[in-house]
Structures are given as structure tokens and as C-alpha cells.
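This is upload-v9.cif (mmCIF, C-alpha atoms).
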data_start
loop_
_atom_site.group_PDB
_atom_site.id
_atom_site.type_symbol
_atom_site.label_atom_id
_atom_site.label_comp_id
_atom_site.auth_asym_id
_atom_site.auth_seq_id
_atom_site.Cartn_x
_atom_site.Cartn_y
_atom_site.Cartn_z
ATOM 1 C CA MET A 28 0.000 0.000 0.000
ATOM 2 C CA VAL A 29 1.180 3.480 -0.857
ATOM 3 C CA HIS A 30 0.534 6.393 1.487
ATOM 4 C CA ARG A 31 -1.369 9.041 -0.468
ATOM 5 C CA GLY A 32 -1.883 11.779 2.100
ATOM 6 C CA ASP A 33 -3.622 12.555 5.358
ATOM 7 C CA ASP A 34 -6.996 13.849 4.120
ATOM 8 C CA ILE A 35 -10.201 11.826 4.512
ATOM 9 C CA PHE A 36 -10.433 10.925 0.822
ATOM 10 C CA SER A 37 -6.879 9.566 0.805
ATOM 11 C CA CYS A 38 -7.578 7.482 3.897
ATOM 12 C CA PHE A 39 -10.737 6.120 2.273
ATOM 13 C CA THR A 40 -8.746 5.282 -0.867
ATOM 14 C CA CYS A 41 -6.220 3.387 1.224
ATOM 15 C CA ILE A 42 -9.034 1.416 2.848
ATOM 16 C CA VAL A 43 -10.452 0.548 -0.571
ATOM 17 C CA ASP A 44 -7.005 -0.577 -1.728
ATOM 18 C CA ALA A 45 -6.646 -2.705 1.385
ATOM 19 C CA MET A 46 -10.009 -4.384 0.768
ATOM 20 C CA HIS A 47 -9.027 -4.947 -2.869
ATOM 21 C CA CYS A 48 -5.809 -6.618 -1.787
ATOM 22 C CA LEU A 49 -7.632 -8.623 0.863
ATOM 23 C CA VAL A 50 -10.461 -9.952 -1.299
ATOM 24 C CA LEU A 51 -9.329 -9.888 -4.929
ATOM 25 C CA SER A 52 -5.564 -10.005 -5.036
ATOM 26 C CA SER A 53 -3.705 -13.299 -5.025
ATOM 27 C CA ARG A 54 -0.812 -11.385 -3.480
ATOM 28 C CA MET A 55 -2.712 -10.446 -0.344
ATOM 29 C CA CYS A 56 -0.047 -12.236 1.669
ATOM 30 C CA ASN A 57 3.437 -11.606 0.372
ATOM 31 C CA LYS A 58 6.429 -13.287 2.008
ATOM 32 C CA GLY A 59 4.422 -14.188 5.089
ATOM 33 C CA LYS A 60 2.946 -10.724 5.600
ATOM 34 C CA CYS A 61 -0.617 -9.483 5.179
ATOM 35 C CA LEU A 62 -0.904 -6.285 3.127
ATOM 36 C CA HIS A 63 2.915 -6.315 2.995
ATOM 37 C CA CYS A 64 3.295 -5.101 6.593
ATOM 38 C CA ILE A 65 1.575 -7.397 9.116
ATOM 39 C CA PRO A 66 2.678 -11.013 9.702
ATOM 40 C CA VAL A 67 -0.165 -13.254 8.573
ATOM 41 C CA GLU A 68 -0.296 -15.136 11.863
ATOM 42 C CA ASN A 69 -0.677 -11.902 13.827
ATOM 43 C CA GLY A 70 -3.533 -10.662 11.648
ATOM 44 C CA CYS A 71 -5.174 -14.068 11.747
ATOM 45 C CA LEU A 72 -4.810 -14.239 15.538
ATOM 46 C CA VAL A 73 -6.497 -10.864 15.996
ATOM 47 C CA LEU A 74 -9.469 -11.944 13.877
ATOM 48 C CA ALA A 75 -9.558 -15.323 15.645
ATOM 49 C CA VAL A 76 -9.725 -13.626 19.057
ATOM 50 C CA ILE A 77 -12.526 -11.359 17.828
ATOM 51 C CA SER A 78 -14.372 -14.419 16.505
ATOM 52 C CA ALA A 79 -13.925 -16.270 19.801
ATOM 53 C CA ILE A 80 -15.218 -13.305 21.807
ATOM 54 C CA GLY A 81 -18.161 -12.753 19.462
ATOM 55 C CA THR A 82 -19.262 -16.383 19.350
ATOM 56 C CA GLY A 83 -18.737 -16.692 23.092
ATOM 57 C CA LEU A 84 -21.026 -13.720 23.733
ATOM 58 C CA VAL A 85 -23.660 -15.167 21.394
ATOM 59 C CA LEU A 86 -23.462 -18.501 23.231
ATOM 60 C CA LEU A 87 -23.768 -16.783 26.613
ATOM 61 C CA ALA A 88 -26.699 -14.673 25.421
ATOM 62 C CA THR A 89 -28.424 -17.787 24.070
ATOM 63 C CA ILE A 90 -28.055 -19.582 27.401
ATOM 64 C CA ILE A 91 -29.371 -16.596 29.371
ATOM 65 C CA LEU A 92 -32.270 -16.108 26.956
ATOM 66 C CA GLY A 93 -33.102 -19.808 27.194
ATOM 67 C CA ILE A 94 -33.203 -19.668 30.980
ATOM 68 C CA LEU A 95 -35.369 -16.535 30.987
ATOM 69 C CA ALA A 96 -37.699 -17.952 28.336
ATOM 70 C CA ALA A 97 -38.101 -21.237 30.215
ATOM 71 C CA SER A 98 -38.855 -19.361 33.431
ATOM 72 C CA GLY A 99 -41.421 -17.163 31.668
ATOM 73 C CA LEU A 100 -43.135 -20.133 30.039
ATOM 74 C CA ILE A 101 -43.342 -21.990 33.340
ATOM 75 C CA MET A 102 -44.849 -18.961 35.053
ATOM 76 C CA ALA A 103 -47.298 -18.427 32.187
ATOM 77 C CA SER A 104 -48.453 -22.033 32.314
ATOM 78 C CA HIS A 105 -49.225 -21.770 36.038
ATOM 79 C CA LEU A 106 -51.227 -18.556 35.943
ATOM 80 C CA PRO A 107 -54.601 -18.961 37.689
ATOM 81 C CA ASP A 108 -57.521 -19.175 35.302
ATOM 82 C CA PRO A 109 -61.057 -20.010 36.506
ATOM 83 C CA ASP A 110 -62.145 -21.162 33.035
ATOM 84 C CA PRO A 111 -60.943 -24.753 32.395
ATOM 85 C CA GLU A 112 -61.258 -24.450 28.594
ATOM 86 C CA SER A 113 -59.333 -21.184 28.567
ATOM 87 C CA ARG A 114 -56.691 -22.723 30.800
ATOM 88 C CA GLU A 115 -56.242 -25.691 28.461
ATOM 89 C CA PHE A 116 -55.947 -23.355 25.457
ATOM 90 C CA THR A 117 -53.353 -21.230 27.282
ATOM 91 C CA GLN A 118 -51.313 -24.276 28.197
ATOM 92 C CA ALA A 119 -51.447 -25.525 24.584
ATOM 93 C CA VAL A 120 -50.269 -22.169 23.239
ATOM 94 C CA VAL A 121 -47.512 -21.976 25.834
ATOM 95 C CA GLY A 122 -46.445 -25.520 24.969
ATOM 96 C CA VAL A 123 -46.219 -24.808 21.224
ATOM 97 C CA ALA A 124 -44.382 -21.547 21.838
ATOM 98 C CA GLY A 125 -41.977 -23.321 24.180
ATOM 99 C CA ILE A 126 -41.212 -26.013 21.617
ATOM 100 C CA ALA A 127 -40.636 -23.494 18.821
ATOM 101 C CA LEU A 128 -38.466 -21.269 20.995
ATOM 102 C CA GLY A 129 -36.547 -24.268 22.277
ATOM 103 C CA VAL A 130 -35.783 -25.468 18.752
ATOM 104 C CA VAL A 131 -34.547 -22.025 17.676
ATOM 105 C CA LEU A 132 -32.417 -21.523 20.772
ATOM 106 C CA THR A 133 -30.989 -25.032 20.468
ATOM 107 C CA ILE A 134 -29.953 -24.469 16.856
ATOM 108 C CA VAL A 135 -28.413 -21.079 17.643
ATOM 109 C CA GLY A 136 -26.731 -22.427 20.772
ATOM 110 C CA VAL A 137 -25.211 -25.463 19.051
ATOM 111 C CA ALA A 138 -24.015 -23.367 16.088
ATOM 112 C CA SER A 139 -22.440 -20.742 18.355
ATOM 113 C CA LEU A 140 -20.852 -23.436 20.534
ATOM 114 C CA ILE A 141 -19.253 -25.126 17.518
ATOM 115 C CA ALA A 142 -18.057 -21.765 16.176
ATOM 116 C CA PHE A 143 -16.645 -20.839 19.597
ATOM 117 C CA ILE A 144 -14.785 -24.153 19.911
ATOM 118 C CA PHE A 145 -13.204 -23.816 16.464
ATOM 119 C CA SER A 146 -12.294 -20.166 17.120
ATOM 120 C CA VAL A 147 -10.526 -21.138 20.336
ATOM 121 C CA LEU A 148 -8.859 -23.999 18.461
ATOM 122 C CA LEU A 149 -7.616 -21.527 15.867
ATOM 123 C CA CYS A 150 -6.244 -19.198 18.554
ATOM 124 C CA ASN A 151 -4.476 -22.092 20.253
ATOM 125 C CA GLY A 152 -3.089 -23.375 16.959
ATOM 126 C CA ILE A 153 -1.600 -19.982 16.096
ATOM 127 C CA CYS A 154 -0.183 -19.296 19.568
ATOM 128 C CA LYS A 155 1.362 -22.758 19.927
ATOM 129 C CA ARG A 156 2.399 -23.014 16.262
ATOM 130 C CA ARG A 157 0.242 -26.072 15.519
ATOM 131 C CA PRO A 158 -0.705 -26.066 11.821
ATOM 132 C CA GLY A 159 -3.058 -29.043 12.230
ATOM 133 C CA GLN A 160 -5.428 -27.006 14.403
ATOM 134 C CA VAL A 161 -5.324 -24.105 11.947
ATOM 135 C CA LYS A 162 -6.134 -26.520 9.122
ATOM 136 C CA ALA A 163 -9.066 -27.904 11.135
ATOM 137 C CA TYR A 164 -10.548 -24.412 11.386
ATOM 138 C CA PHE A 165 -9.985 -23.847 7.682
ATOM 139 C CA ILE A 166 -11.905 -27.020 6.798
ATOM 140 C CA TYR A 167 -14.693 -26.001 9.191
ATOM 141 C CA GLY A 168 -14.846 -22.547 7.592
ATOM 142 C CA VAL A 169 -15.025 -23.967 4.067
ATOM 143 C CA VAL A 170 -17.900 -26.278 5.052
ATOM 144 C CA ILE A 171 -19.804 -23.433 6.723
ATOM 145 C CA THR A 172 -19.245 -21.165 3.712
ATOM 146 C CA ILE A 173 -20.546 -23.785 1.265
ATOM 147 C CA LEU A 174 -23.645 -24.444 3.378
ATOM 148 C CA THR A 175 -24.315 -20.713 3.740
ATOM 149 C CA ILE A 176 -23.982 -20.145 -0.011
ATOM 150 C CA ILE A 177 -26.430 -22.982 -0.713
ATOM 151 C CA ALA A 178 -28.903 -21.641 1.854
ATOM 152 C CA SER A 179 -28.579 -18.074 0.520
ATOM 153 C CA ILE A 180 -29.189 -19.130 -3.084
ATOM 154 C CA ALA A 181 -32.174 -21.252 -2.016
ATOM 155 C CA GLN A 182 -33.601 -18.277 -0.126
ATOM 156 C CA MET A 183 -33.178 -15.995 -3.126
ATOM 157 C CA VAL A 184 -34.892 -18.492 -5.424
ATOM 158 C CA ASN A 185 -37.819 -19.451 -3.170
ATOM 159 C CA GLU A 186 -38.595 -16.131 -1.464
ATOM 160 C CA TYR A 187 -39.937 -12.829 -2.752
ATOM 161 C CA ASP A 188 -37.398 -10.794 -0.759
ATOM 162 C CA PRO A 189 -33.838 -11.614 -1.914
ATOM 163 C CA ALA A 190 -32.198 -9.266 0.621
ATOM 164 C CA PRO A 191 -31.356 -11.979 3.220
ATOM 165 C CA GLY A 192 -29.856 -14.182 0.517
ATOM 166 C CA ILE A 193 -27.787 -11.321 -0.880
ATOM 167 C CA GLY A 194 -26.640 -10.468 2.631
ATOM 168 C CA GLY A 195 -25.615 -14.080 3.148
ATOM 169 C CA LEU A 196 -23.550 -14.087 -0.057
ATOM 170 C CA VAL A 197 -21.856 -10.814 0.909
ATOM 171 C CA GLY A 198 -21.070 -12.281 4.323
ATOM 172 C CA CYS A 199 -19.603 -15.359 2.633
ATOM 173 C CA ALA A 200 -17.384 -13.152 0.480
ATOM 174 C CA ILE A 201 -16.049 -11.319 3.530
ATOM 175 C CA TYR A 202 -15.597 -14.543 5.480
ATOM 176 C CA SER A 203 -13.792 -16.101 2.505
ATOM 177 C CA ALA A 204 -11.169 -13.349 2.763
ATOM 178 C CA PHE A 205 -10.611 -14.409 6.375
ATOM 179 C CA LEU A 206 -10.302 -18.036 5.264
ATOM 180 C CA VAL A 207 -7.613 -16.992 2.777
ATOM 181 C CA LEU A 208 -5.717 -15.487 5.700
ATOM 182 C CA VAL A 209 -6.223 -18.684 7.723
ATOM 183 C CA HIS A 210 -4.911 -20.786 4.836
ATOM 184 C CA GLU A 211 -1.840 -18.576 4.438
ATOM 185 C CA THR A 212 -1.223 -18.857 8.186
ATOM 186 C CA TYR A 213 -1.458 -22.639 7.926
ATOM 187 C CA ASN A 214 1.055 -22.678 5.061
ATOM 188 C CA LYS A 215 3.466 -20.499 7.009
ATOM 189 C CA LEU A 216 3.205 -22.564 10.201
ATOM 190 C CA ARG A 217 3.559 -25.810 8.253
ATOM 191 C CA ALA A 218 6.636 -24.501 6.452
ATOM 192 C CA GLY A 219 8.091 -23.418 9.783
ATOM 193 C CA ALA A 220 7.432 -26.826 11.315
ATOM 194 C CA VAL A 221 9.071 -28.623 8.380
ATOM 195 C CA PHE A 222 12.079 -26.322 8.551
ATOM 196 C CA LYS A 223 12.346 -26.892 12.303
ATOM 197 C CA ASP A 224 12.204 -30.653 11.837
ATOM 198 C CA HIS A 225 14.919 -30.495 9.197
ATOM 199 C CA ILE A 226 17.140 -28.471 11.515
ATOM 200 C CA ARG A 227 16.550 -31.003 14.276
ATOM 201 C CA LEU A 228 17.486 -33.887 11.967
ATOM 202 C CA VAL A 229 20.727 -32.150 11.007
ATOM 203 C CA GLU A 230 21.550 -31.486 14.637
ATOM 204 C CA ASP A 231 20.751 -35.067 15.614
ATOM 205 C CA TYR A 232 22.952 -36.336 12.793
#

Would it be possible to restate this file's structure as C-alpha cells?
Amino acid sequence: MVHRGDDIFSCFTCIVDAMHCLVLSSRMCNKGKCLHCIPVENGCLVLAVISAIGTGLVLLATIILGILAASGLIMASHLPDPDPESREFTQAVVGVAGIALGVVLTIVGVASLIAFIFSVLLCNGICKRRPGQVKAYFIYGVVITILTIIASIAQMVNEYDPAPGIGGLVGCAIYSAFLVLVHETYNKLRAGAVFKDHIRLVEDY
């Protein structure tokens, strides 16, 4: 990146150039550095920590919401009602609502838990220089991206409002840039591990 000045337009241009390098350029990572200045593992670690914090907060919020929702449904089902028919209808509605809410919270909770585990695995793999753990996250990310693309296209085809599907595809494009960074980090760590093993073999010899 070339510094073009200190005005707002120049800063915006630099940001656009950075996004172009990040998403479109095959030279995003040159000689082990992201955007020619930041080591790929450092940039990847920062994003991995952000991902771990974000998914952890979503998981915590899901658990808290589940507890509050369960408490509210239990209280609603035990409200006094002198009319037996009305009471049965209320309990049926509360039961259906509880099942639907439970399914949604379970799906969100499981998804956020898996994402949190893989984010922590990525952080640990980078910090302890373990390329296998970084590769595991990369495979997980590729699978999630493919599933999201399929779901987004299906939503755009079957629904009148294509906005959610378009948003999903844009999110996949941004996330794919992160996966490129993860893959470059894996290549760098693997190369470092191979070089280290070769040095050890020479020393042992």
C-alpha cells in the first residue's frame, strides 16, 4: 500500500485498496505478511480472538435467553384461570411456543458453541504453532461457507425478498477473505514446522 496523504479521501482510498488486496488479489499475503506489513499469523490471531469473543457472547446470550424464556413459560403455564377451557388453550399455546423457541435456541446455541470451539482452536493453533489445528478451522470454515452459499441461493430463489440471501452471499465473500488469511497462516506454520524438523534432523545427525 502506498501512502497518499492525510486527508479523509486519501484514507478512504487506502481502505479501498486494502479491501481490494484482501479480497481480490492473489498477493494479499506476500512473504508471510498481510498487506505487505503485518505477519499473517498476527492478523489471523487478531481476527480469531474477535471471533472467539463474538461467538462466546452469542453462546452466553443464548443460554441466558433460554433460561429466561423457560422461566417465563413456566410462570405463564401456572397462571390462575377459573375457566378450564381457557386454561387448556393457554397451556397448549404456551407448549407450542416453548417447543418453537426451544428449537430455535438449540440451533443457535449449538451453532455458536461449535463456532466458539473452532475459534478457540484456531487461537491455540496460532499461539502454539500447531498447523493441524489451523487446518481444522480452515476445513470447518469452508464447510460453513458452502452451506451458507447454498442456503442463501435457495432463499433468493424461493422467497420474494432476496435481501437476506444477498446479505448471506456478501457475508460469505467477507468470510472467505478471512479463510484466505487462515490458509496462508497454515502454510506459514507448516513450512516453519518442516524447517524446524529439518534443523533437528541435522543437529541429531

Within 8 Å of region 122-130 of chain A, counting only C-alpha atoms, which residues show up once you throw out same-chain ones fewer than 3 positions away? Write them as a list in words, please.
Gly93, Ala97, Leu100, Gln118, Ala119, Thr133 and Ile134 of chain A

Next, dump the selected residues to file, keeping only C-alpha atoms, as a PDB file, keeping the file's coordinate frame.
ATOM      1  CA  GLY A  93     -33.102 -19.808  27.194  1.00  0.00           C
ATOM      2  CA  ALA A  97     -38.101 -21.237  30.215  1.00  0.00           C
ATOM      3  CA  LEU A 100     -43.135 -20.133  30.039  1.00  0.00           C
ATOM      4  CA  GLN A 118     -51.313 -24.276  28.197  1.00  0.00           C
ATOM      5  CA  ALA A 119     -51.447 -25.525  24.584  1.00  0.00           C
ATOM      6  CA  THR A 133     -30.989 -25.032  20.468  1.00  0.00           C
ATOM      7  CA  ILE A 134     -29.953 -24.469  16.856  1.00  0.00           C
TER       8      ILE A 134
END

Translate the PyMOL selection byres ((chain A and resi 199) around 10), as applied to the file shown, into an explicit residue set as a ChimeraX atom specification.
/A:168-169,171-176,179,193-198,200-205

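Closest approach to Asn69 (chain A) among A:Ala178, A:Ala96, A:Gly192, A:Cys154 is made by A:Cys154 (distances from only C-alpha atoms).
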
Give me, please, the distance in Å between CA of Ile141 (chain A) and CA of Cys71 (chain A), quoted to one decimal.
18.8 Å

Might you pull out every residue within 12 Å of Phe145 (chain A), with all atoms listed in the file counted and same-chain residues fewer than 4 positions away left off, and present them as a ChimeraX atom specification?
/A:75-76,78-80,82-83,138-141,149-152,160-168,171

Output C-alpha atoms for every residue in the selection just made, as a PDB file, keeping the file's coordinate frame.
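And here is the file that came out, result.pdb:
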ATOM      1  CA  ALA A  75      -9.558 -15.323  15.645  1.00  0.00           C
ATOM      2  CA  VAL A  76      -9.725 -13.626  19.057  1.00  0.00           C
ATOM      3  CA  SER A  78     -14.372 -14.419  16.505  1.00  0.00           C
ATOM      4  CA  ALA A  79     -13.925 -16.270  19.801  1.00  0.00           C
ATOM      5  CA  ILE A  80     -15.218 -13.305  21.807  1.00  0.00           C
ATOM      6  CA  THR A  82     -19.262 -16.383  19.350  1.00  0.00           C
ATOM      7  CA  GLY A  83     -18.737 -16.692  23.092  1.00  0.00           C
ATOM      8  CA  ALA A 138     -24.015 -23.367  16.088  1.00  0.00           C
ATOM      9  CA  SER A 139     -22.440 -20.742  18.355  1.00  0.00           C
ATOM     10  CA  LEU A 140     -20.852 -23.436  20.534  1.00  0.00           C
ATOM     11  CA  ILE A 141     -19.253 -25.126  17.518  1.00  0.00           C
ATOM     12  CA  LEU A 149      -7.616 -21.527  15.867  1.00  0.00           C
ATOM     13  CA  CYS A 150      -6.244 -19.198  18.554  1.00  0.00           C
ATOM     14  CA  ASN A 151      -4.476 -22.092  20.253  1.00  0.00           C
ATOM     15  CA  GLY A 152      -3.089 -23.375  16.959  1.00  0.00           C
ATOM     16  CA  GLN A 160      -5.428 -27.006  14.403  1.00  0.00           C
ATOM     17  CA  VAL A 161      -5.324 -24.105  11.947  1.00  0.00           C
ATOM     18  CA  LYS A 162      -6.134 -26.520   9.122  1.00  0.00           C
ATOM     19  CA  ALA A 163      -9.066 -27.904  11.135  1.00  0.00           C
ATOM     20  CA  TYR A 164     -10.548 -24.412  11.386  1.00  0.00           C
ATOM     21  CA  PHE A 165      -9.985 -23.847   7.682  1.00  0.00           C
ATOM     22  CA  ILE A 166     -11.905 -27.020   6.798  1.00  0.00           C
ATOM     23  CA  TYR A 167     -14.693 -26.001   9.191  1.00  0.00           C
ATOM     24  CA  GLY A 168     -14.846 -22.547   7.592  1.00  0.00           C
ATOM     25  CA  ILE A 171     -19.804 -23.433   6.723  1.00  0.00           C
TER      26      ILE A 171
END

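The space separating CA of Val73 (chain A) from CA of Pro191 (chain A) comes to 28.0 Å.
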
Do you know which residues are at most 6 Å from region 212-219 of chain A counting all atoms listed in the file, after dropping those on the same chain fewer than 3 positions away, and could you put them as a PyMOL selection string?
chain A and resi 67-68+158+161+209+222

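CA of Leu92 (chain A) is found 10.4 Å from CA of Gly136 (chain A).
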
From the list A:Leu206, A:Ala190, A:Leu87, A:Leu72, the nearest residue to Phe143 (chain A) using all atoms listed in the file is A:Leu87
